[in-house]
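A short write-up of the structure that comes next.
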Amino acid sequence: MPFLRTGKAVAPDPSAVFEGGGATPHGRRPFQWELQAGSVDSVRSEIFAGCANPSCRSGWLRLWRGRSVPIFEGGWTCSLECTVARLRRAVARELEGQGTVRELYRHRIPLGLLLMERGWISRDQLRLALDAQKKAGTGRLGQWLIRQGAASEEMIARALGLQWSCPVLGVEHHESTTLATAIPRLFLDAFGALPLRIAAGRVLYLGFEESLDPVLALAVERMTGLRVESGIVPESAFRPAHARMLEVTFPPAELVEAISQSAAAYALARSAERLKPVASRLVRVHDCLWMRLWTRTQQGALPETMTVQDMICSIGMMG
């Protein structure tokens, strides 16, 4: 087998000689190879990486298999069968924790009681708003309090922040296009979320109009690697910003319906084999599985729109 060497060719040094001190034969000057510190180890580990499927019996290495993708959750797989096996484990892992995050937010002080305890509204004002809400059969309590002049929008936003133990966030300097790859459009629309900004390249601020969605926030945090801070955005600011956000160009997304976990794993694995991602990851968002596939290495805090594709999978038995 020929000797392998990796690096960047640079202009040869006229005084270069072989290691043994002899002159270069035929007067030719050898290429020199520049390697950054630590790159030899990383190149070696990549070339000699084995299949990430623990059940793989092929013994394939990247060096022998002749393919370097797909990569799923940091591991390379040597065949469709091994990709399916890894996705099957990931799907089972995500469904195992279904429903646990919401438990932390189940017991909250009702908004009306919180407002009354703070002295921001009276008992009569609360009763009047509740009666109007019940009679109309629609609308949120905060909206009825504002409509009746019992509370301001700022007061309701502050109360919601206290109710959810989160800050009240603004939409100043919100740029929709730069945040389009934070969350698939389907989730923004379905769960009423609004990515607001990224701070210091590490923290993503996520806004909600009335109630936080900890399941979505956790999924975004796991998918992006950014720390997600959720907060309440007043209705008058949230709605126009959310409408603008839904109009921008998002990464392509494919919807998959599967009848079982195995069928879901197979469909997602086929997509990975077809798109050949340099990275991919799977998380659960309520009753959906969200798989993101990077076709190029990510450079910034969020990927560019056309360098990722999202797969959103629902499973019939998840309900």
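Labels used: A, B, ... for chains in the order of the structure tokens, numbers from 1 for residues in each chain, and numbers from 1 for ligands as shown.
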Problem - Selection near Ala90 (chain A), 12 Å with only C-alpha atoms, sequence-local residues under 2 positions removed, as a ChimeraX atom specification - result: /A:53,72-73,83-88,92-97,261-262,264-266,268-269,280-284,289-291
Go ahead and save the picked residues with N, CA and C atoms, as a PDB file, in the first residue's frame.
ATOM      1  N   ASN A  53     -22.098   2.112  14.362  1.00  0.00           N
ATOM      2  CA  ASN A  53     -23.119   1.166  14.795  1.00  0.00           C
ATOM      3  C   ASN A  53     -22.459   0.068  15.622  1.00  0.00           C
ATOM      4  N   PHE A  72     -24.043  10.771  11.630  1.00  0.00           N
ATOM      5  CA  PHE A  72     -25.212  10.982  12.480  1.00  0.00           C
ATOM      6  C   PHE A  72     -24.763  11.055  13.928  1.00  0.00           C
ATOM      7  N   GLU A  73     -25.046  12.191  14.547  1.00  0.00           N
ATOM      8  CA  GLU A  73     -24.692  12.431  15.946  1.00  0.00           C
ATOM      9  C   GLU A  73     -23.236  12.060  16.220  1.00  0.00           C
ATOM     10  N   THR A  83     -26.931   2.642   9.283  1.00  0.00           N
ATOM     11  CA  THR A  83     -27.599   3.925   9.510  1.00  0.00           C
ATOM     12  C   THR A  83     -28.981   3.708  10.106  1.00  0.00           C
ATOM     13  N   VAL A  84     -29.707   2.723   9.594  1.00  0.00           N
ATOM     14  CA  VAL A  84     -31.025   2.395  10.127  1.00  0.00           C
ATOM     15  C   VAL A  84     -30.909   1.967  11.591  1.00  0.00           C
ATOM     16  N   ALA A  85     -29.920   1.161  11.905  1.00  0.00           N
ATOM     17  CA  ALA A  85     -29.744   0.689  13.280  1.00  0.00           C
ATOM     18  C   ALA A  85     -29.504   1.852  14.233  1.00  0.00           C
ATOM     19  N   ARG A  86     -28.673   2.811  13.828  1.00  0.00           N
ATOM     20  CA  ARG A  86     -28.411   3.964  14.692  1.00  0.00           C
ATOM     21  C   ARG A  86     -29.650   4.841  14.838  1.00  0.00           C
ATOM     22  N   LEU A  87     -30.387   5.044  13.747  1.00  0.00           N
ATOM     23  CA  LEU A  87     -31.610   5.850  13.831  1.00  0.00           C
ATOM     24  C   LEU A  87     -32.655   5.147  14.681  1.00  0.00           C
ATOM     25  N   ARG A  88     -32.718   3.826  14.622  1.00  0.00           N
ATOM     26  CA  ARG A  88     -33.701   3.099  15.430  1.00  0.00           C
ATOM     27  C   ARG A  88     -33.441   3.335  16.923  1.00  0.00           C
ATOM     28  N   ALA A  92     -35.985   5.482  19.533  1.00  0.00           N
ATOM     29  CA  ALA A  92     -36.418   4.898  20.807  1.00  0.00           C
ATOM     30  C   ALA A  92     -35.996   5.775  21.980  1.00  0.00           C
ATOM     31  N   ARG A  93     -34.805   6.335  21.917  1.00  0.00           N
ATOM     32  CA  ARG A  93     -34.318   7.220  22.976  1.00  0.00           C
ATOM     33  C   ARG A  93     -35.205   8.452  23.121  1.00  0.00           C
ATOM     34  N   GLU A  94     -35.572   9.064  22.008  1.00  0.00           N
ATOM     35  CA  GLU A  94     -36.379  10.274  22.056  1.00  0.00           C
ATOM     36  C   GLU A  94     -37.790  10.004  22.569  1.00  0.00           C
ATOM     37  N   LEU A  95     -38.373   8.900  22.165  1.00  0.00           N
ATOM     38  CA  LEU A  95     -39.744   8.605  22.588  1.00  0.00           C
ATOM     39  C   LEU A  95     -39.810   8.161  24.040  1.00  0.00           C
ATOM     40  N   GLU A  96     -38.705   7.657  24.565  1.00  0.00           N
ATOM     41  CA  GLU A  96     -38.688   7.194  25.949  1.00  0.00           C
ATOM     42  C   GLU A  96     -38.925   8.330  26.931  1.00  0.00           C
ATOM     43  N   GLY A  97     -38.451   9.542  26.606  1.00  0.00           N
ATOM     44  CA  GLY A  97     -38.596  10.673  27.520  1.00  0.00           C
ATOM     45  C   GLY A  97     -39.815  11.520  27.244  1.00  0.00           C
ATOM     46  N   GLN A 261     -42.148   3.005  14.951  1.00  0.00           N
ATOM     47  CA  GLN A 261     -40.803   3.517  15.203  1.00  0.00           C
ATOM     48  C   GLN A 261     -39.813   2.981  14.177  1.00  0.00           C
ATOM     49  N   SER A 262     -39.929   1.712  13.833  1.00  0.00           N
ATOM     50  CA  SER A 262     -39.016   1.114  12.857  1.00  0.00           C
ATOM     51  C   SER A 262     -39.178   1.773  11.491  1.00  0.00           C
ATOM     52  N   ALA A 264     -40.221   4.807  10.961  1.00  0.00           N
ATOM     53  CA  ALA A 264     -39.660   6.147  11.061  1.00  0.00           C
ATOM     54  C   ALA A 264     -38.143   6.112  10.931  1.00  0.00           C
ATOM     55  N   ALA A 265     -37.505   5.174  11.623  1.00  0.00           N
ATOM     56  CA  ALA A 265     -36.048   5.054  11.561  1.00  0.00           C
ATOM     57  C   ALA A 265     -35.590   4.766  10.145  1.00  0.00           C
ATOM     58  N   TYR A 266     -36.300   3.896   9.452  1.00  0.00           N
ATOM     59  CA  TYR A 266     -35.914   3.550   8.079  1.00  0.00           C
ATOM     60  C   TYR A 266     -36.061   4.756   7.147  1.00  0.00           C
ATOM     61  N   LEU A 268     -35.988   7.989   7.928  1.00  0.00           N
ATOM     62  CA  LEU A 268     -34.964   8.984   8.239  1.00  0.00           C
ATOM     63  C   LEU A 268     -33.589   8.537   7.774  1.00  0.00           C
ATOM     64  N   ALA A 269     -33.316   7.246   7.905  1.00  0.00           N
ATOM     65  CA  ALA A 269     -32.025   6.719   7.451  1.00  0.00           C
ATOM     66  C   ALA A 269     -31.889   6.832   5.940  1.00  0.00           C
ATOM     67  N   SER A 280     -25.641  15.291  11.367  1.00  0.00           N
ATOM     68  CA  SER A 280     -27.095  15.209  11.504  1.00  0.00           C
ATOM     69  C   SER A 280     -27.417  14.882  12.948  1.00  0.00           C
ATOM     70  N   ARG A 281     -28.656  15.210  13.339  1.00  0.00           N
ATOM     71  CA  ARG A 281     -29.042  15.055  14.737  1.00  0.00           C
ATOM     72  C   ARG A 281     -30.550  14.855  14.812  1.00  0.00           C
ATOM     73  N   LEU A 282     -31.008  14.165  15.848  1.00  0.00           N
ATOM     74  CA  LEU A 282     -32.438  13.895  16.028  1.00  0.00           C
ATOM     75  C   LEU A 282     -32.884  14.325  17.416  1.00  0.00           C
ATOM     76  N   VAL A 283     -33.999  15.077  17.486  1.00  0.00           N
ATOM     77  CA  VAL A 283     -34.604  15.454  18.763  1.00  0.00           C
ATOM     78  C   VAL A 283     -36.114  15.309  18.641  1.00  0.00           C
ATOM     79  N   ARG A 284     -36.783  15.242  19.781  1.00  0.00           N
ATOM     80  CA  ARG A 284     -38.245  15.168  19.787  1.00  0.00           C
ATOM     81  C   ARG A 284     -38.831  16.529  20.108  1.00  0.00           C
ATOM     82  N   LEU A 289     -40.786  14.043  15.598  1.00  0.00           N
ATOM     83  CA  LEU A 289     -39.336  13.879  15.619  1.00  0.00           C
ATOM     84  C   LEU A 289     -38.745  14.856  14.609  1.00  0.00           C
ATOM     85  N   TRP A 290     -37.764  15.593  15.053  1.00  0.00           N
ATOM     86  CA  TRP A 290     -37.114  16.580  14.190  1.00  0.00           C
ATOM     87  C   TRP A 290     -35.681  16.139  13.948  1.00  0.00           C
ATOM     88  N   MET A 291     -35.377  15.880  12.680  1.00  0.00           N
ATOM     89  CA  MET A 291     -34.015  15.517  12.299  1.00  0.00           C
ATOM     90  C   MET A 291     -33.467  16.598  11.384  1.00  0.00           C
TER      91      MET A 291
END
Practice task
List the neighbours of region 246-257 of chain A out to 10 Å using only C-alpha atoms; skip same-chain residues closer than 2 positions along the sequence, and give me the result as a VMD selection string.
Solution key: chain A and resid 176 to 186 188 to 189 194 241 to 244 259 to 260 263 to 264 267 to 268 271 288 to 292 303 to 316
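Nearest to Arg296 (chain A) of all the residues A:Gln143, A:Leu226, A:Thr138, A:Val69 is A:Val69, counting only C-alpha atoms.
Here the DSSP assignment of alpha helix (DSSP H), based on backbone atoms, applies within region 269-304 of chain A to Ala269, Arg270, Ser271, Ala272, Glu273, Arg274 and Leu275 of chain A.
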Problem - Expected answer as a list of chain:residue names: strand (DSSP E or B) residues in region 199-274 of chain A - result: A:Ala199, A:Val203, A:Leu204, A:Tyr205, A:Leu206, A:Gly207, A:Phe208, A:Arg227, A:Val228, A:Glu229, A:Ser230, A:Gly231, A:Ile232, A:Ala253, A:Glu254, A:Leu255, A:Val256, A:Glu257, A:Ala258
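When CA of Glu153 (chain A) is paired with CA of Ala237 (chain A), their separation reads 10.5 Å.
Taking CA of Thr297 (chain A) and CA of Cys82 (chain A) as the two end points, the separation is 22.8 Å.
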Problem - Non-local contacts of Asp131 (chain A) (12 Å; only C-alpha atoms; under 6 positions in same chain excluded) as a PyMOL selection string - result: chain A and resi 124-125+137-141+144-145+148
Fill in the blank from the handout: His286 (chain A) proximity check over A:Ala129, A:Ala159, A:Leu169, A:Leu218, using only C-alpha atoms: winner is A:Leu218
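Residue nearest Trp76 (chain A), chosen from A:Trp120, A:Phe191, A:Glu273, A:Glu210 and counting only C-alpha atoms: A:Glu273.
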Problem - Best match for closeness to Arg158 (chain A) among A:Ile232, A:Leu302, A:Leu80, A:Ile109, counting only C-alpha atoms - result: A:Ile232
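Minimum atom-to-atom distances from A:Val285, A:Val168, A:Ala52, A:Leu130 to Val233 (chain A) were compared using only C-alpha atoms, and the lowest value belongs to A:Val168.
Minimum distance to Thr295 (chain A) across A:Gly119, A:Gly161, A:Gly50, A:Pro277 (counting only C-alpha atoms) occurs at A:Pro277.
Note that the spacing between CA of Pro167 (chain A) and CA of Ala301 (chain A) amounts to 22.9 Å.
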